file query_13.txt (compact mmCIF, C-alpha atoms and all ligand atoms)
# COMPACT_ATOMS: atom_id res chain seq x y z
CA MET A 1 80.62 125.31 113.01
CA PRO A 2 79.15 122.00 111.81
CA ILE A 3 81.55 119.15 111.10
CA VAL A 4 81.28 117.06 107.92
CA ALA A 5 82.84 113.60 107.69
CA ILE A 6 84.53 113.10 104.31
CA THR A 7 85.18 109.53 103.25
CA PRO A 8 88.72 108.57 102.20
CA CYS A 9 89.56 109.18 98.56
CA GLN A 10 92.54 109.90 96.36
CA LYS A 11 91.75 113.59 95.67
CA PRO A 12 90.19 115.04 98.84
CA LEU A 13 91.19 118.70 98.45
CA ASP A 14 88.25 120.00 96.41
CA TYR A 15 85.72 118.22 98.67
CA GLU A 16 87.33 119.80 101.70
CA ALA A 17 87.48 123.25 100.07
CA ALA A 18 83.82 123.07 98.98
CA VAL A 19 82.71 122.09 102.49
CA ARG A 20 84.84 124.82 104.05
CA ARG A 21 83.49 127.47 101.67
CA ALA A 22 79.95 126.51 102.66
CA GLY A 23 80.78 127.09 106.33
CA ALA A 24 81.55 123.66 107.74
CA THR A 25 84.67 121.99 109.04
CA PRO A 26 85.80 119.04 106.91
CA ARG A 27 86.68 115.95 108.91
CA PRO A 28 88.54 113.45 106.69
CA VAL A 29 87.99 109.93 107.96
CA ALA A 30 90.24 106.88 107.64
CA LEU A 31 89.24 103.38 106.62
CA ASP A 32 90.38 101.90 109.91
CA GLU A 33 88.06 104.06 111.99
CA SER A 34 84.85 102.75 113.52
CA PRO A 35 81.84 104.02 111.48
CA ALA A 36 79.79 104.42 114.65
CA ASP A 37 82.50 106.50 116.31
CA VAL A 38 82.98 108.63 113.19
CA LEU A 39 79.29 109.50 112.97
CA HIS A 40 79.02 110.24 116.66
CA GLY A 41 81.36 113.18 116.21
CA VAL A 42 79.99 114.81 113.05
CA ASP A 43 76.92 116.68 111.74
CA GLY A 44 76.88 115.34 108.17
CA LEU A 45 78.41 112.74 105.86
CA LEU A 46 79.98 113.38 102.45
CA LEU A 47 80.57 110.27 100.32
CA THR A 48 83.33 110.98 97.82
CA GLY A 49 84.28 109.76 94.36
CA GLY A 50 86.53 106.84 93.55
CA ASP A 51 86.72 103.50 91.83
CA ASP A 52 84.02 100.88 91.43
CA VAL A 53 81.80 99.24 94.02
CA ASP A 54 82.32 95.46 93.99
CA PRO A 55 79.43 94.14 91.84
CA ALA A 56 79.16 91.10 94.13
CA LEU A 57 77.49 93.53 96.55
CA TYR A 58 74.55 93.78 94.14
CA GLY A 59 74.66 90.21 92.91
CA GLU A 60 76.64 90.50 89.68
CA SER A 61 80.02 89.30 88.48
CA PRO A 62 82.54 91.95 87.47
CA HIS A 63 82.63 93.46 83.99
CA PRO A 64 86.14 93.38 82.41
CA ALA A 65 86.35 97.16 82.94
CA PHE A 66 85.93 96.77 86.72
CA ASP A 67 88.28 99.15 88.58
CA VAL A 68 88.66 97.82 92.09
CA ALA A 69 88.39 100.40 94.87
CA GLU A 70 90.64 100.58 97.93
CA PRO A 71 90.40 97.36 100.02
CA GLY A 72 87.70 97.73 102.66
CA ARG A 73 86.25 100.96 101.26
CA ASP A 74 82.98 99.44 100.00
CA ALA A 75 82.05 97.87 103.33
CA PHE A 76 83.18 100.95 105.28
CA GLU A 77 81.16 103.43 103.23
CA ILE A 78 78.07 101.21 103.00
CA ASP A 79 78.11 100.84 106.79
CA LEU A 80 78.60 104.60 107.22
CA VAL A 81 75.77 105.65 104.93
CA ARG A 82 73.30 103.13 106.35
CA ARG A 83 74.06 104.35 109.86
CA ALA A 84 73.82 107.99 108.74
CA LEU A 85 70.39 107.39 107.21
CA ASP A 86 69.24 105.48 110.29
CA SER A 87 70.06 108.51 112.44
CA ASN A 88 68.78 111.05 109.86
CA LEU A 89 72.23 112.57 109.50
CA PRO A 90 72.48 114.74 106.35
CA VAL A 91 74.20 112.92 103.47
CA LEU A 92 75.71 114.32 100.28
CA ALA A 93 76.90 111.59 97.90
CA ILE A 94 79.11 112.43 94.93
CA CYS A 95 79.91 110.20 91.91
CA ARG A 96 81.02 106.86 93.42
CA GLY A 97 79.24 108.15 96.53
CA LEU A 98 75.89 108.04 94.72
CA GLN A 99 76.71 104.51 93.57
CA VAL A 100 77.61 103.49 97.15
CA LEU A 101 74.36 105.03 98.42
CA ASN A 102 72.35 103.16 95.80
CA VAL A 103 74.00 99.79 96.50
CA ALA A 104 73.64 100.34 100.25
CA LEU A 105 69.88 100.67 99.68
CA GLY A 106 69.65 97.54 97.52
CA GLY A 107 70.05 99.09 94.07
CA THR A 108 72.17 97.99 91.12
CA LEU A 109 74.62 99.74 88.82
CA ILE A 110 75.41 100.00 85.13
CA GLN A 111 78.90 98.51 85.33
CA ASP A 112 80.35 100.14 82.23
CA ILE A 113 78.50 102.82 80.29
CA PRO A 114 80.54 102.39 77.05
CA SER A 115 79.56 98.69 77.02
CA GLU A 116 75.82 99.37 77.22
CA PRO A 117 73.92 98.36 74.10
CA ASP A 118 72.20 101.65 73.37
CA GLY A 119 75.20 103.84 72.66
CA LEU A 120 75.00 106.21 75.58
CA LEU A 121 76.81 109.56 75.71
CA PRO A 122 80.47 109.72 76.73
CA HIS A 123 80.42 110.22 80.51
CA ASP A 124 84.15 109.97 81.16
CA ALA A 125 85.35 113.29 79.77
CA ASP A 126 89.00 114.25 79.31
CA GLY A 127 90.35 117.64 80.27
CA PRO A 128 90.42 119.76 83.42
CA PRO A 129 88.08 118.68 86.25
CA THR A 130 85.58 121.47 85.50
CA THR A 131 85.20 120.50 81.82
CA LEU A 132 81.47 120.54 81.05
CA ALA A 133 80.52 117.26 79.37
CA HIS A 134 76.72 117.13 79.09
CA THR A 135 73.55 118.62 80.49
CA VAL A 136 71.23 117.20 83.14
CA THR A 137 67.49 117.68 83.42
CA VAL A 138 66.57 118.14 87.06
CA THR A 139 63.18 116.96 88.36
CA PRO A 140 61.07 119.97 89.43
CA GLY A 141 60.09 119.90 93.07
CA SER A 142 63.04 117.78 94.17
CA CYS A 143 65.49 118.81 96.86
CA LEU A 144 68.12 118.96 94.12
CA ALA A 145 65.99 121.33 92.02
CA ALA A 146 65.76 123.73 94.97
CA LEU A 147 69.55 123.78 95.14
CA VAL A 148 70.71 123.79 91.52
CA GLY A 149 67.75 125.63 90.01
CA PRO A 150 66.05 127.66 88.73
CA ASP A 151 67.28 126.18 85.44
CA GLU A 152 65.93 122.70 84.86
CA THR A 153 68.80 121.93 82.52
CA ARG A 154 72.31 122.38 83.84
CA ALA A 155 75.67 121.64 82.25
CA VAL A 156 77.81 119.35 84.40
CA ASN A 157 81.20 117.73 84.37
CA SER A 158 81.31 113.95 84.02
CA ARG A 159 84.01 111.48 85.03
CA HIS A 160 82.27 108.15 85.51
CA HIS A 161 82.00 104.89 83.64
CA GLN A 162 79.32 103.51 85.96
CA ALA A 163 75.89 104.79 86.93
CA VAL A 164 72.75 103.85 88.84
CA ARG A 165 70.66 101.20 87.06
CA ALA A 166 67.91 100.00 89.42
CA LEU A 167 67.25 102.49 92.22
CA GLY A 168 67.62 101.33 95.80
CA HIS A 169 64.75 101.39 98.32
CA GLY A 170 63.58 104.89 99.12
CA LEU A 171 65.64 106.57 96.41
CA VAL A 172 64.09 108.54 93.55
CA ALA A 173 65.94 109.77 90.46
CA THR A 174 66.11 113.57 90.37
CA ALA A 175 68.26 114.26 87.31
CA THR A 176 68.99 112.50 84.04
CA ALA A 177 71.40 113.09 81.19
CA PRO A 178 69.99 113.44 77.64
CA ASP A 179 70.73 109.72 77.09
CA GLY A 180 68.64 108.72 80.12
CA VAL A 181 71.55 107.95 82.45
CA ILE A 182 70.59 108.74 86.03
CA GLU A 183 72.70 111.71 87.15
CA ALA A 184 71.18 112.32 90.59
CA ALA A 185 68.97 110.62 93.15
CA GLU A 186 67.72 111.48 96.60
CA VAL A 187 65.83 109.96 99.53
CA PRO A 188 62.70 112.12 99.93
CA ALA A 189 61.96 110.61 103.35
CA ALA A 190 65.33 111.72 104.72
CA ARG A 191 65.94 115.24 105.98
CA PHE A 192 68.76 115.64 103.48
CA CYS A 193 70.10 112.80 101.37
CA VAL A 194 71.16 113.91 97.91
CA GLY A 195 73.43 112.12 95.46
CA VAL A 196 74.86 113.47 92.22
CA GLN A 197 76.83 111.64 89.56
CA TRP A 198 78.88 114.67 88.55
CA HIS A 199 81.57 116.48 90.59
CA PRO A 200 80.16 119.75 92.01
CA GLU A 201 83.14 120.04 94.38
CA ASN A 202 85.43 120.87 91.43
CA PHE A 203 83.57 124.20 91.04
CA HIS A 204 84.32 125.55 94.51
CA ARG A 205 86.40 128.39 93.03
CA THR A 206 83.78 129.53 90.51
CA GLY A 207 80.56 128.83 92.39
CA GLU A 208 78.36 126.98 89.89
CA PHE A 209 77.21 124.49 92.53
CA ASP A 210 77.73 126.48 95.72
CA ARG A 211 74.04 126.22 96.57
CA LEU A 212 74.23 122.43 96.65
CA PHE A 213 76.93 122.57 99.32
CA ASP A 214 75.14 125.45 101.05
CA GLY A 215 71.96 123.35 101.30
CA PHE A 216 73.86 120.36 102.63
CA VAL A 217 75.77 122.38 105.20
CA GLU A 218 72.58 124.19 106.23
CA ALA A 219 71.02 120.79 107.00
CA CYS A 220 74.16 119.92 108.98
CA ARG A 221 73.99 123.26 110.79
CA THR A 222 70.38 122.67 111.78
CA ARG A 223 71.38 119.38 113.29
CA PHE A 224 74.36 121.02 114.95
CA ARG A 225 72.20 123.70 116.54
CA THR A 226 69.49 121.37 117.72
CA GLY A 227 71.91 118.80 119.11
CA GLU A 228 69.92 115.69 118.19
CA THR A 229 72.21 112.67 118.16
CA GLY A 230 75.43 114.15 116.73
CA GLY A 231 78.44 114.35 118.97
CA THR A 232 79.16 118.01 118.39
CA GLY A 233 75.66 119.22 119.13
CA ARG A 234 75.71 117.65 122.56
CA THR A 235 78.65 119.76 123.59
CA GLY A 236 76.45 122.83 123.34
CA GLY A 237 78.66 124.73 120.92
CA LYS A 238 77.16 127.13 118.42
MN MN B 1 77.60 111.96 83.41
call {"tool": "encode", "arguments": {"input": "query_13.txt", "output": "structure tokens"}}
result
Amino acid sequence: MPIVAITPCQKPLDYEAAVRRAGATPRPVALDESPADVLHGVDGLLLTGGDDVDPALYGESPHPAFDVAEPGRDAFEIDLVRRALDSNLPVLAICRGLQVLNVALGGTLIQDIPSEPDGLLPHDADGPPTTLAHTVTVTPGSCLAALVGPDETRAVNSRHHQAVRALGHGLVATATAPDGVIEAAEVPAARFCVGVQWHPENFHRTGEFDRLFDGFVEACRTRFRTGETGGTGRTGGK
């Protein structure tokens, strides 16, 4: 069974359940681990949600609404995702994870959606985690479209006050909200590198986004079977 590294966050259970349902073993990682060692032993990387990436990492000073993330988490996750992309390890990036991916590739973020001048939609919805907040229009032909289609417009949950502004190198936007906020991006040159701004893991009981996790784990499984550079593949297990 492929192993998926899950970055440290405050609510890991739904990420772990979604990965398990899709047929992989979740491997929660700790901030004091070596990124190189972590990636040597896994078949995919899941970047989880959380508080804000330090805007100094993309050359800005913090907005008053800045919510600082756990000390060391920015550097740890940026190092992890750069290494994962360098070794073509499958990456699924969720919410903050998409923002980490974007900053790691040189992009910038909208620091606080409610403070933007053009009156964007509310993206930080109250209610249970699966509360549907707005729709997203998915770009036809993208990796994401193959996994969340066939509908081009999907209702999603939304618990973020930041979003991608300028895309990082190699990333393309693959979904937008009706207000134009980027809700997903991927790296077409990578085997599997998909980021979404919503929280598909919260739907692991009801299945709305099972295919997204299935596609990610299938990419991890392919790596697992072929061995490549992952630690588990080399052991010859199937
Ligand atoms: Mn949203």
call {"tool": "atom_distance", "arguments": {"input": "query_13.txt", "atom1": "atom CA of Gly119 of chain A", "atom2": "atom CA of Ala56 of chain A"}}
result
25.3 Å
call {"tool": "closest_atom_pairs", "arguments": {"input": "query_13.txt", "of": "segment 56-153 of chain A", "to": "segment 24-45 of chain A", "cutoff": "8 Å", "atoms": "all atoms listed in the file", "output": "Markdown table"}}
result
| residue | atom | partner | partner_atom | distance |
| --- | --- | --- | --- | --- |
| A:Gly72 | CA | A:Leu31 | CA | 7.1 |
| A:Arg73 | CA | A:Leu31 | CA | 6.6 |
| A:Phe76 | CA | A:Leu31 | CA | 6.7 |
| A:Asp79 | CA | A:Pro35 | CA | 6.8 |
| A:Leu80 | CA | A:Pro35 | CA | 5.4 |
| A:Val81 | CA | A:Leu45 | CA | 7.6 |
| A:Arg83 | CA | A:Ala36 | CA | 7.5 |
| A:Ala84 | CA | A:Leu39 | CA | 7.1 |
| A:Leu89 | CA | A:Gly44 | CA | 5.6 |
| A:Pro90 | CA | A:Gly44 | CA | 4.8 |
| A:Val91 | CA | A:Leu45 | CA | 4.8 |
| A:Leu92 | CA | A:Leu45 | CA | 6.4 |
call {"tool": "residues_near_ligand", "arguments": {"input": "query_13.txt", "ligand": "ligand MN 1 (chain B)", "cutoff": "8 Å", "atoms": "only C-alpha atoms and all ligand atoms", "output": "number ranges by chain"}}
result
A: 122-124, 133-134, 156-160, 177, 181, 183, 197-198
call {"tool": "axis_aligned_box", "arguments": {"input": "query_13.txt", "around": "segment 12-23 of chain A", "padding_each_side": "8 Å", "output": "lines of an AutoDock Vina configuration file"}}
result
center_x = 85.6
center_y = 121.3
center_z = 101.4
size_x = 27.2
size_y = 28.4
size_z = 25.9
call {"tool": "residues_around", "arguments": {"input": "query_13.txt", "residues": "Leu98 of chain A", "least_positions_apart": "3", "cutoff": "7 Å", "atoms": "only C-alpha atoms", "output": "PDB file with C-alpha atoms, in the frame of the given file"}}
result
ATOM      1  CA  ALA A  93      76.900 111.590  97.900  1.00  0.00           C
ATOM      2  CA  ILE A  94      79.110 112.430  94.930  1.00  0.00           C
ATOM      3  CA  CYS A  95      79.910 110.200  91.910  1.00  0.00           C
ATOM      4  CA  LEU A 101      74.360 105.030  98.420  1.00  0.00           C
ATOM      5  CA  ASN A 102      72.350 103.160  95.800  1.00  0.00           C
ATOM      6  CA  GLY A 195      73.430 112.120  95.460  1.00  0.00           C
ATOM      7  CA  VAL A 196      74.860 113.470  92.220  1.00  0.00           C
ATOM      8  CA  GLN A 197      76.830 111.640  89.560  1.00  0.00           C
TER       9      GLN A 197
END
call {"tool": "closest_residue", "arguments": {"input": "query_13.txt", "among": "A:Glu201, A:Glu16, A:Asp52, A:Glu77", "to": "Ala163 of chain A", "atoms": "all atoms listed in the file"}}
result
A:Asp52
call {"tool": "closest_residue", "arguments": {"input": "query_13.txt", "among": "A:Ala185, A:Thr174, A:His169, A:Asn202", "to": "Pro12 of chain A", "atoms": "all atoms listed in the file"}}
result
A:Asn202
call {"tool": "atom_distance", "arguments": {"input": "query_13.txt", "atom1": "atom CA of Asn88 of chain A", "atom2": "atom CA of Tyr15 of chain A"}}
result
21.5 Å
call {"tool": "closest_residue", "arguments": {"input": "query_13.txt", "among": "A:Ser87, A:Gly49, A:Ala219, A:Val103", "to": "Ala75 of chain A", "atoms": "all atoms listed in the file"}}
result
A:Val103
call {"tool": "closest_residue", "arguments": {"input": "query_13.txt", "among": "A:Pro178, A:Arg191, A:Val138, A:Gln111", "to": "Glu218 of chain A", "atoms": "all atoms listed in the file"}}
result
A:Arg191
call {"tool": "residues_near_point", "arguments": {"input": "query_13.txt", "point": "(88.8, 125.5, 99.0)", "cutoff": "10 Å", "atoms": "all atoms listed in the file", "output": "list in words"}}
result
Leu13, Asp14, Tyr15, Glu16, Ala17, Ala18, Val19, Arg20, Arg21, Ala22, Glu201, Asn202, Phe203, His204 and Arg205 of chain A
call {"tool": "residues_near_point", "arguments": {"input": "query_13.txt", "point": "(86.7, 104.9, 94.4)", "cutoff": "9 Å", "atoms": "only C-alpha atoms", "output": "JSON, numbers by chain"}}
result
{"A": [8, 9, 10, 48, 49, 50, 51, 52, 53, 67, 68, 69, 70, 73, 74, 95, 96, 97]}
call {"tool": "closest_residue", "arguments": {"input": "query_13.txt", "among": "A:Ser61, A:Val136, A:Phe209, A:Ile78", "to": "Ala184 of chain A", "atoms": "only C-alpha atoms"}}
result
A:Val136
call {"tool": "closest_residue", "arguments": {"input": "query_13.txt", "among": "A:Gly59, A:Pro71, A:Pro188, A:Pro200", "to": "Arg154 of chain A", "atoms": "all atoms listed in the file"}}
result
A:Pro200
call {"tool": "atom_distance", "arguments": {"input": "query_13.txt", "atom1": "atom CA of Leu171 of chain A", "atom2": "atom CA of Glu186 of chain A"}}
result
5.3 Å
